[in-house]
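J.: What follows is the file my_file.cif, containing mmCIF, C-alpha atoms and all ligand atoms:
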data_entry
loop_
_atom_site.label_atom_id
_atom_site.label_comp_id
_atom_site.auth_asym_id
_atom_site.auth_seq_id
_atom_site.Cartn_x
_atom_site.Cartn_y
_atom_site.Cartn_z
CA MET C 21 24.98 -16.01 97.46
CA THR C 22 25.27 -19.61 96.46
CA GLY C 23 28.32 -20.57 94.43
CA ALA C 24 30.80 -18.13 92.97
CA ALA C 25 29.16 -14.80 92.14
CA PRO C 26 30.50 -13.27 88.93
CA HIS C 27 29.60 -9.81 90.18
CA ILE C 28 30.79 -8.74 93.65
CA PRO C 29 27.99 -6.71 95.24
CA VAL C 30 29.13 -3.24 96.27
CA LEU C 31 28.48 -1.91 99.81
CA LEU C 32 26.42 -5.04 100.55
CA ASP C 33 26.48 -4.76 104.36
CA GLU C 34 25.69 -1.07 104.26
CA VAL C 35 22.81 -1.55 101.81
CA ILE C 36 21.28 -4.30 103.92
CA ALA C 37 21.74 -2.23 107.09
CA GLY C 38 19.96 0.66 105.35
CA LEU C 39 17.07 -1.50 104.14
CA ALA C 40 16.85 -3.20 107.57
CA PRO C 41 14.74 -6.11 106.26
CA ARG C 42 12.61 -8.04 108.74
CA PRO C 43 11.08 -11.47 108.22
CA GLY C 44 7.79 -11.20 106.36
CA GLU C 45 8.52 -7.81 104.83
CA THR C 46 8.37 -7.11 101.10
CA HIS C 47 11.41 -5.64 99.37
CA VAL C 48 12.22 -4.66 95.79
CA ASP C 49 15.62 -5.07 94.17
CA GLY C 50 15.36 -2.87 91.08
CA THR C 51 18.72 -3.99 89.66
CA PHE C 52 19.05 -7.72 90.22
CA GLY C 53 22.36 -8.24 88.34
CA ALA C 54 23.87 -11.39 89.85
CA GLY C 55 21.43 -11.19 92.76
CA GLY C 56 23.82 -10.22 95.57
CA TYR C 57 21.39 -7.87 97.31
CA SER C 58 18.31 -9.97 96.51
CA TRP C 59 19.82 -13.06 98.07
CA ALA C 60 20.86 -11.23 101.23
CA LEU C 61 17.29 -9.92 101.54
CA VAL C 62 15.86 -13.41 101.07
CA GLN C 63 18.22 -14.73 103.73
CA ALA C 64 16.94 -12.04 106.09
CA GLY C 65 13.45 -13.48 105.62
CA ALA C 66 12.03 -10.91 103.18
CA ARG C 67 9.83 -11.56 100.15
CA VAL C 68 11.76 -10.06 97.22
CA TYR C 69 10.53 -8.79 93.86
CA ALA C 70 13.62 -8.32 91.70
CA PHE C 71 13.78 -6.43 88.42
CA ASP C 72 16.40 -6.35 85.70
CA ARG C 73 15.98 -5.29 82.12
CA ASP C 74 18.79 -7.56 80.98
CA PRO C 75 17.36 -10.91 79.80
CA ASP C 76 20.71 -12.60 80.57
CA ALA C 77 20.56 -11.49 84.23
CA ILE C 78 17.01 -12.84 84.52
CA TYR C 79 17.93 -16.12 82.85
CA GLU C 80 21.01 -16.64 85.00
CA GLY C 81 19.08 -15.70 88.14
CA GLY C 82 16.71 -18.61 87.57
CA ALA C 83 18.75 -20.86 89.88
CA LEU C 84 18.44 -18.42 92.80
CA GLU C 85 14.75 -17.95 92.14
CA ALA C 86 14.28 -21.73 92.21
CA ALA C 87 16.30 -22.05 95.42
CA SER C 88 14.32 -19.34 97.20
CA ASN C 89 11.17 -21.29 98.05
CA GLY C 90 8.97 -18.67 96.47
CA LYS C 91 10.67 -15.82 98.36
CA LEU C 92 12.23 -14.36 95.20
CA THR C 93 10.59 -13.62 91.85
CA LEU C 94 12.41 -12.11 88.88
CA HIS C 95 10.86 -9.61 86.51
CA LYS C 96 12.40 -8.69 83.17
CA GLN C 97 11.38 -5.06 83.29
CA PRO C 98 13.06 -1.71 83.75
CA PHE C 99 12.79 -0.57 87.36
CA SER C 100 10.83 2.49 86.21
CA HIS C 101 7.93 0.03 85.74
CA MET C 102 8.11 -1.29 89.30
CA TYR C 103 5.02 0.48 90.58
CA ASP C 104 2.76 -0.84 87.81
CA GLU C 105 4.22 -4.32 88.00
CA LEU C 106 3.88 -4.50 91.80
CA ARG C 107 0.32 -3.22 91.60
CA ARG C 108 -0.47 -5.90 89.00
CA MET C 109 0.81 -8.50 91.45
CA SER C 110 -1.02 -6.99 94.43
CA ALA C 111 2.36 -6.53 96.13
CA LEU C 112 1.94 -2.89 97.18
CA PRO C 113 3.02 -1.19 99.34
CA VAL C 114 6.56 -2.40 99.93
CA ASP C 115 8.96 -1.99 102.86
CA GLY C 116 12.17 -1.42 100.93
CA VAL C 117 13.51 -0.57 97.48
CA VAL C 118 17.14 -0.79 96.41
CA LEU C 119 18.68 0.45 93.16
CA ASP C 120 22.31 -0.32 92.28
CA ILE C 121 22.71 1.82 89.20
CA GLY C 122 24.87 1.04 86.21
CA VAL C 123 26.34 -2.01 84.53
CA SER C 124 27.23 -5.35 86.05
CA SER C 125 30.60 -7.07 85.78
CA MET C 126 28.92 -9.68 83.59
CA GLN C 127 27.84 -7.03 81.11
CA LEU C 128 31.26 -5.38 81.08
CA ASP C 129 33.26 -8.58 80.91
CA ARG C 130 31.38 -10.20 78.04
CA ALA C 131 32.84 -8.74 74.87
CA GLU C 132 29.79 -9.72 72.83
CA ARG C 133 27.64 -7.29 74.84
CA GLY C 134 29.70 -4.43 73.41
CA PHE C 135 30.17 -2.37 76.62
CA SER C 136 33.94 -2.64 76.87
CA PHE C 137 36.61 -0.70 75.05
CA GLN C 138 39.20 -3.15 76.35
CA ALA C 139 37.85 -6.17 74.50
CA ASP C 140 36.65 -6.23 70.91
CA GLY C 141 32.97 -6.90 70.33
CA PRO C 142 29.97 -5.66 68.37
CA LEU C 143 29.19 -2.04 69.25
CA ASP C 144 25.99 -2.82 71.14
CA MET C 145 25.75 -1.65 74.84
CA ARG C 146 22.02 -2.35 75.18
CA MET C 147 21.23 -3.68 78.66
CA GLY C 148 17.80 -4.85 77.49
CA ARG C 149 19.06 -6.16 74.13
CA ALA C 150 16.37 -4.14 72.34
CA GLY C 151 16.03 -0.69 70.79
CA MET C 152 18.80 1.60 69.56
CA SER C 153 22.28 0.11 69.82
CA ALA C 154 25.50 2.06 70.27
CA ALA C 155 26.31 1.33 66.60
CA ASP C 156 22.92 2.74 65.51
CA PHE C 157 23.66 5.89 67.46
CA VAL C 158 27.23 6.54 66.29
CA ASN C 159 26.37 5.74 62.67
CA GLU C 160 23.07 7.60 62.40
CA ALA C 161 23.11 10.58 64.76
CA GLY C 162 24.21 14.01 63.60
CA GLU C 163 27.63 15.30 64.59
CA ALA C 164 26.18 17.97 66.88
CA GLU C 165 23.97 15.43 68.68
CA ILE C 166 26.92 13.10 69.22
CA ALA C 167 28.97 15.99 70.59
CA ASP C 168 26.14 16.93 72.97
CA VAL C 169 25.85 13.40 74.29
CA LEU C 170 29.61 13.11 74.85
CA TYR C 171 29.72 16.47 76.58
CA HIS C 172 26.71 16.05 78.86
CA LEU C 173 26.83 12.33 79.64
CA GLY C 174 30.58 11.69 79.40
CA GLU C 175 31.81 15.08 80.59
CA GLU C 176 34.12 14.92 77.56
CA ARG C 177 35.58 18.39 77.17
CA GLN C 178 36.77 17.69 73.64
CA SER C 179 33.38 16.40 72.57
CA ARG C 180 33.31 18.22 69.24
CA ARG C 181 36.67 16.89 68.19
CA VAL C 182 35.64 13.33 69.08
CA ALA C 183 32.25 13.67 67.36
CA ARG C 184 33.95 14.92 64.19
CA ALA C 185 36.32 11.95 64.22
CA ILE C 186 33.44 9.52 64.75
CA VAL C 187 31.45 10.92 61.84
CA ALA C 188 34.53 10.81 59.58
CA ALA C 189 35.19 7.15 60.46
CA ARG C 190 31.66 5.82 59.83
CA PRO C 191 30.51 3.14 59.65
CA ILE C 192 31.82 1.95 63.03
CA THR C 193 30.57 -1.47 64.06
CA ARG C 194 33.08 -2.78 66.65
CA THR C 195 34.02 -1.54 70.11
CA SER C 196 37.70 -1.69 69.19
CA GLU C 197 37.10 0.58 66.17
CA LEU C 198 35.30 3.19 68.26
CA ALA C 199 37.99 3.07 70.94
CA ALA C 200 40.71 3.52 68.29
CA VAL C 201 38.89 6.48 66.71
CA VAL C 202 38.59 8.22 70.09
CA ARG C 203 42.20 7.50 71.05
CA ARG C 204 43.44 8.85 67.70
CA ALA C 205 41.31 11.97 68.08
CA LEU C 206 42.49 12.70 71.62
CA GLY C 207 45.97 11.25 71.55
CA HIS C 208 46.57 8.24 73.75
CA ARG C 209 49.83 7.46 75.48
CA GLU C 210 50.40 3.97 76.86
CA HIS C 211 51.08 5.21 80.41
CA ASP C 212 47.94 7.41 80.54
CA LYS C 213 46.08 6.58 83.75
CA LYS C 214 42.68 6.56 82.14
CA ASP C 215 41.95 5.44 78.61
CA PRO C 216 40.58 8.48 76.74
CA ALA C 217 37.81 6.26 75.33
CA THR C 218 36.36 5.84 78.86
CA ARG C 219 34.27 9.01 78.72
CA THR C 220 32.92 8.35 75.22
CA PHE C 221 31.90 4.79 76.10
CA GLN C 222 30.23 5.95 79.32
CA ALA C 223 28.30 8.67 77.50
CA ILE C 224 27.05 6.41 74.72
CA ARG C 225 26.06 3.70 77.18
CA ILE C 226 24.07 6.14 79.32
CA HIS C 227 22.40 7.59 76.24
CA VAL C 228 21.51 4.29 74.57
CA ASN C 229 20.00 2.93 77.79
CA ARG C 230 18.36 6.25 78.80
CA GLU C 231 19.93 5.67 82.19
CA LEU C 232 19.33 9.09 83.70
CA GLU C 233 15.66 9.19 82.67
CA GLU C 234 15.28 5.66 84.04
CA LEU C 235 16.80 6.76 87.34
CA GLU C 236 14.44 9.74 87.68
CA ASP C 237 11.43 7.60 86.82
CA GLY C 238 12.62 4.76 89.06
CA LEU C 239 12.96 7.08 92.06
CA ALA C 240 9.44 8.42 91.50
CA ALA C 241 8.10 4.87 91.13
CA ALA C 242 9.84 3.82 94.37
CA GLU C 243 8.35 6.80 96.18
CA LYS C 244 4.89 5.65 95.09
CA ALA C 245 5.53 2.02 96.00
CA LEU C 246 7.01 2.49 99.48
CA ALA C 247 4.88 2.19 102.62
CA PRO C 248 5.20 4.82 105.37
CA GLY C 249 8.47 3.94 107.13
CA GLY C 250 9.72 2.09 104.03
CA ARG C 251 13.41 2.44 103.16
CA LEU C 252 14.98 3.53 99.87
CA ALA C 253 18.65 2.71 99.20
CA VAL C 254 20.41 3.89 96.04
CA VAL C 255 23.98 3.09 95.02
CA SER C 256 25.36 5.22 92.21
CA PHE C 257 28.72 5.28 90.50
CA HIS C 258 29.20 8.71 89.05
CA SER C 259 28.31 12.29 89.75
CA LEU C 260 25.59 12.55 87.09
CA GLU C 261 23.58 9.81 88.80
CA ASP C 262 24.38 10.85 92.35
CA ARG C 263 23.29 14.42 91.59
CA ILE C 264 19.85 13.15 90.55
CA VAL C 265 19.48 11.01 93.69
CA LYS C 266 20.72 13.78 95.95
CA ARG C 267 18.39 16.38 94.45
CA PHE C 268 15.40 14.03 94.54
CA LEU C 269 15.91 13.24 98.23
CA LYS C 270 16.77 16.79 99.19
CA GLU C 271 13.62 18.18 97.61
CA ARG C 272 11.36 15.50 99.00
CA SER C 273 12.77 15.61 102.52
CA GLY C 274 11.85 19.26 102.84
CA ALA C 275 15.40 20.57 102.70
CA PRO C 276 15.19 22.65 99.55
CA ALA C 277 17.61 25.42 100.62
CA GLY C 278 18.80 27.17 97.52
CA SER C 279 16.39 25.30 95.26
CA ARG C 280 14.88 27.25 92.42
CA HIS C 281 11.62 25.38 93.19
CA LEU C 282 11.50 26.79 96.72
CA PRO C 283 8.10 28.54 96.65
CA GLU C 284 6.44 25.48 95.15
CA LEU C 285 8.11 23.11 97.61
CA LYS C 286 7.20 24.97 100.77
CA SER C 287 3.58 23.87 100.54
CA ARG C 288 4.39 20.16 100.19
CA ALA C 289 4.63 17.65 102.99
CA PRO C 290 8.00 15.85 102.82
CA SER C 291 7.65 12.33 101.42
CA PHE C 292 11.04 11.29 102.87
CA GLU C 293 12.59 11.94 106.27
CA ALA C 294 15.76 14.02 106.54
CA VAL C 295 18.47 12.14 104.71
CA ALA C 296 21.58 10.75 106.37
CA LYS C 297 25.06 11.38 104.97
CA PRO C 298 26.12 9.36 101.91
CA VAL C 299 28.05 6.15 102.59
CA ARG C 300 31.21 5.09 100.77
CA ALA C 301 33.25 1.91 100.77
CA GLY C 302 35.78 1.43 103.57
CA GLU C 303 39.41 0.37 103.17
CA ALA C 304 38.70 -3.35 103.38
CA GLU C 305 36.09 -3.27 100.62
CA LEU C 306 38.24 -1.01 98.44
CA ALA C 307 41.04 -3.56 98.64
CA ARG C 308 38.66 -6.42 97.85
CA ASN C 309 36.63 -4.77 95.11
CA PRO C 310 38.12 -1.87 93.13
CA ARG C 311 34.71 -1.20 91.55
CA SER C 312 33.53 0.09 94.94
CA ARG C 313 35.89 3.07 94.71
CA SER C 314 33.36 5.32 93.00
CA ALA C 315 30.23 3.98 94.73
CA THR C 316 28.00 6.27 96.80
CA LEU C 317 25.07 4.94 98.83
CA ARG C 318 22.18 7.13 99.89
CA VAL C 319 19.45 5.81 102.16
CA ALA C 320 16.19 7.50 103.09
CA ARG C 321 13.02 6.60 104.96
CA ARG C 322 9.56 7.23 103.52
CA THR C 323 7.11 9.36 105.50
CA ALA C 324 3.34 8.87 105.46
CA ALA C 325 2.85 11.88 103.12
CA SER C 326 1.47 11.39 99.60
CA PRO C 327 4.01 10.90 96.86
CA TRP C 328 4.83 14.08 94.99
CA ALA C 329 3.40 14.40 91.53
CA PRO C 330 5.68 12.50 89.17
CA LYS C 331 7.36 14.61 86.52
CA GLY C 332 5.42 13.30 83.58
CA ARG C 333 6.84 9.94 82.63
CA VAL C 334 5.64 7.68 85.45
CA SER C 335 1.97 6.67 85.36
C1 LIG C 401 25.46 -2.87 89.10
S1 LIG C 401 24.46 -4.20 88.53
C2 LIG C 401 23.58 -4.76 89.95
C3 LIG C 401 24.33 -5.77 90.73
C4 LIG C 401 23.55 -6.38 91.87
N1 LIG C 401 23.28 -5.43 92.94
C5 LIG C 401 24.27 -7.58 92.44
O1 LIG C 401 24.52 -7.62 93.64
O2 LIG C 401 24.59 -8.49 91.68
C6 LIG C 401 23.22 -3.34 87.69
C7 LIG C 401 22.16 -4.21 87.04
O3 LIG C 401 21.01 -3.39 86.88
C8 LIG C 401 20.47 -3.58 85.62
N2 LIG C 401 19.83 -2.33 85.26
C9 LIG C 401 20.41 -1.15 85.00
N3 LIG C 401 19.48 -0.22 84.76
C10 LIG C 401 18.28 -0.83 84.90
C11 LIG C 401 16.94 -0.38 84.80
N4 LIG C 401 16.65 0.87 84.49
N5 LIG C 401 15.94 -1.26 85.04
C12 LIG C 401 16.24 -2.56 85.37
N6 LIG C 401 17.49 -3.03 85.45
C13 LIG C 401 18.50 -2.18 85.23
C14 LIG C 401 21.61 -3.96 84.72
O4 LIG C 401 21.13 -4.72 83.63
C15 LIG C 401 22.51 -4.75 85.66
O5 LIG C 401 22.21 -6.11 85.60
#
How would this structure read if it were set down as structure tokens?
T.:
Amino acid sequence: MTGAAPHIPVLLDEVIAGLAPRPGETHVDGTFGAGGYSWALVQAGARVYAFDRDPDAIYEGGALEAASNGKLTLHKQPFSHMYDELRRMSALPVDGVVLDIGVSSMQLDRAERGFSFQADGPLDMRMGRAGMSAADFVNEAGEAEIADVLYHLGEERQSRRVARAIVAARPITRTSELAAVVRRALGHREHDKKDPATRTFQAIRIHVNRELEELEDGLAAAEKALAPGGRLAVVSFHSLEDRIVKRFLKERSGAPAGSRHLPELKSRAPSFEAVAKPVRAGEAELARNPRSRSATLRVARRTAASPWAPKGRVS
């Protein structure tokens, strides 16, 4: 990276080792952020198509794009659209795809983006700055729907209690108001290790940005875009995401033991080679970057088999 990066890339060396870029290859960074991975790929001699649905990330990445001598182009699109976008640019197939799921430090640290319960801001949380905001959701959704979202996407065991408190406190327009409502509902003590609002904020963010659907569609799009021998690297930050990645790769690498889809899968040729063990941050990185604590990297190599039929959403 040139200059001081506001977002420290997680597992950078391991991601680049997994993608193994060679000069002249084409790689896709589905989650540009501050461009940590993209720039390392450019420096390795690759041509990089980088996606981010956050207009701020694309705008701020303009300097890297300009410095890249045409090696890096930025695309303000969700990564689920990568296949169509790459086809439009005659850039298929590609040799590597990386996804670094979740929010960037820039998004979290800027109160006006509304992701943080530690700083007051408008209750927004939209990575793409369009569509339903967190405020729309908490003020308009039914109590049962809110409880479902908190339970499934935040693993909040007291989801009904929190949902009831949210509905009673409407309208809620600021992050600090939502955090206070949750803390009151669950009881917050100063020395608690984890703020009780953490799970609610995570759930609403994932819901508003359709993050799990995006991940499923992005994996299917990557499978279609990768050349035989192409590498897929995915960094995820919590179990809901990692479960999706793990299941996707397990099914497609022909290791479906215990899968309820077993009879269907047996007839398919694996589209990925057997998957190596997940990689986690070592001591040195943990000390340098606390965000790496919950990161899991999975890398897999594409076979020459046809991509499996996408599950509906990807064209
Ligand atoms: C964890 S950061 C990536 C950081 C990046 N690897 C770096 O080194 O700076 C995640 C980024 O992905 C973007 N993002 C998340 N989901 C996305 C999606 N479905 N499509 C495109 N971008 C997405 C976010 O806006 C954010 O900028």
J.: All residues within 6 Å of ligand LIG 401 (chain C) are required, counting only C-alpha atoms and all ligand atoms; please report them as a list in words.
T.: His27, Pro29, Gly50, Thr51, Phe52, Gly53, Ala54, Gly55, Gly56, Tyr57, Phe71, Asp72, Arg73, Asp74, Ala77, Gln97, Pro98, Phe99, Asp120, Ile121, Gly122, Val123, Ser124, Met147 and Glu234 of chain C
J.: Please, could you write that set of residues out with C-alpha atoms as a compact mmCIF listing (two decimals), in the frame of the given file?
T.:
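Ended up saving to out26.txt:
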# COMPACT_ATOMS: atom_id res chain seq x y z
CA HIS C 27 29.60 -9.81 90.18
CA PRO C 29 27.99 -6.71 95.24
CA GLY C 50 15.36 -2.87 91.08
CA THR C 51 18.72 -3.99 89.66
CA PHE C 52 19.05 -7.72 90.22
CA GLY C 53 22.36 -8.24 88.34
CA ALA C 54 23.87 -11.39 89.85
CA GLY C 55 21.43 -11.19 92.76
CA GLY C 56 23.82 -10.22 95.57
CA TYR C 57 21.39 -7.87 97.31
CA PHE C 71 13.78 -6.43 88.42
CA ASP C 72 16.40 -6.35 85.70
CA ARG C 73 15.98 -5.29 82.12
CA ASP C 74 18.79 -7.56 80.98
CA ALA C 77 20.56 -11.49 84.23
CA GLN C 97 11.38 -5.06 83.29
CA PRO C 98 13.06 -1.71 83.75
CA PHE C 99 12.79 -0.57 87.36
CA ASP C 120 22.31 -0.32 92.28
CA ILE C 121 22.71 1.82 89.20
CA GLY C 122 24.87 1.04 86.21
CA VAL C 123 26.34 -2.01 84.53
CA SER C 124 27.23 -5.35 86.05
CA MET C 147 21.23 -3.68 78.66
CA GLU C 234 15.28 5.66 84.04
J.: Choose the residue, out of C:Asp262, C:Asp140, C:Asp33, C:Glu176, that has the smallest atom-to-atom separation from Leu198 of chain C; count only C-alpha atoms.
T.: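 Nearest candidate to Leu198 of chain C out of C:Asp262, C:Asp140, C:Asp33, C:Glu176: C:Asp140.
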J.: Closest to Glu243 of chain C among C:Arg133, C:Arg272, C:Arg313, C:Arg267, using only C-alpha atoms?
T.: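 Going through C:Arg133, C:Arg272, C:Arg313, C:Arg267 one by one, the smallest distance to Glu243 of chain C is for C:Arg272.
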J.: Of the candidates C:Val62, C:Ile36, C:Ala325, C:Ala70, which shows the shortest atom-to-atom distance to Ser273 of chain C, using only C-alpha atoms?
T.: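 Nearest to Ser273 of chain C: C:Ala325.
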J.: Report as a PyMOL selection string all protein, DNA and RNA residues lying within 12 Å of Arg190 of chain C, evaluated on all atoms listed in the file, omitting residues in the same chain fewer than 6 positions from it.
T.: chain C and resi 155-163+183-184+197-198+201
J.: Counting all atoms listed in the file, which residues have an atom no more than 10 Å from (10.6, 10.4, 99.7) in the file's coordinates? Please list them as a PyMOL selection string.
T.: chain C and resi 239-240+242-244+246+248+250-252+268-274+289-295+320-328
J.: Hey, can you pull every residue with an atom no more than 10 Å from (29.3, -4.7, 75.3), using only C-alpha atoms, and send it as a list in words?
T.: Met126, Gln127, Leu128, Asp129, Arg130, Ala131, Glu132, Arg133, Gly134, Phe135, Ser136, Phe137, Ala139, Asp140, Gly141, Pro142, Leu143, Asp144, Met145, Arg146, Met147, Ala154, Arg194, Thr195, Phe221 and Arg225 of chain C
J.: Find the spatial neighbours of Val117 of chain C, counting all atoms listed in the file, within a cut-off of 6 Å - ignore same-chain residues fewer than 3 positions away - and output them as a PyMOL selection string.
T.: chain C and resi 47-49+252
J.: Can you tell me, as a PyMOL selection string, what residues are no more than 12 Å from Ala200 of chain C when counting only C-alpha atoms, ignoring any on the same chain fewer than 5 positions away?
T.: chain C and resi 137-140+182+185-186+189+192+194-195+205-208+215-218+220-221
J.: Which of these residues is nearest to Arg300 of chain C, using all atoms listed in the file: C:Ala64, C:Val254, C:Leu173, C:Met102?
T.: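 Smallest distance to Arg300 of chain C is found for C:Val254.
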J.: What gap, in Å, lies between atom CA of Arg181 of chain C and atom CA of Ile264 of chain C?
T.: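 So the two atoms, atom CA of Arg181 of chain C and atom CA of Ile264 of chain C, lie 28.2 Å apart.
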J.: Around all the atoms of segment 60-78 of chain C listed in the file, draw an axis-aligned box and extend it by 3 Å on each of the six sides; I want its centre and edge lengths in Å to one decimal, as AutoDock Vina command-line options.
T.:
--center_x 15.3 --center_y -10.0 --center_z 92.9 --size_x 17.0 --size_y 15.4 --size_z 32.3
J.: Using only C-alpha atoms for the distances, tell me which of C:Arg149, C:Arg67, C:Arg219, C:Arg204 is nearest to Ala167 of chain C.
T.: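 Looking at the shortest contact to Ala167 of chain C, the residue is C:Arg219.
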J.: Take atom CA of Tyr171 of chain C and atom CA of His227 of chain C and report the distance between them in Å, one decimal.
T.: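 Atom CA of His227 of chain C lies 11.5 Å from atom CA of Tyr171 of chain C.
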J.: Quick check, in Å to one decimal: how far apart do atom CA of Tyr69 of chain C and atom CA of Leu232 of chain C lie?
T.: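 Atom CA of Leu232 of chain C lies 22.4 Å from atom CA of Tyr69 of chain C.
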J.: Can you work out which one of C:Val118, C:Ala111, C:Ala307, C:Leu84 has the shortest atom-to-atom distance to Leu32 of chain C, counting all atoms listed in the file?
T.: C:Val118
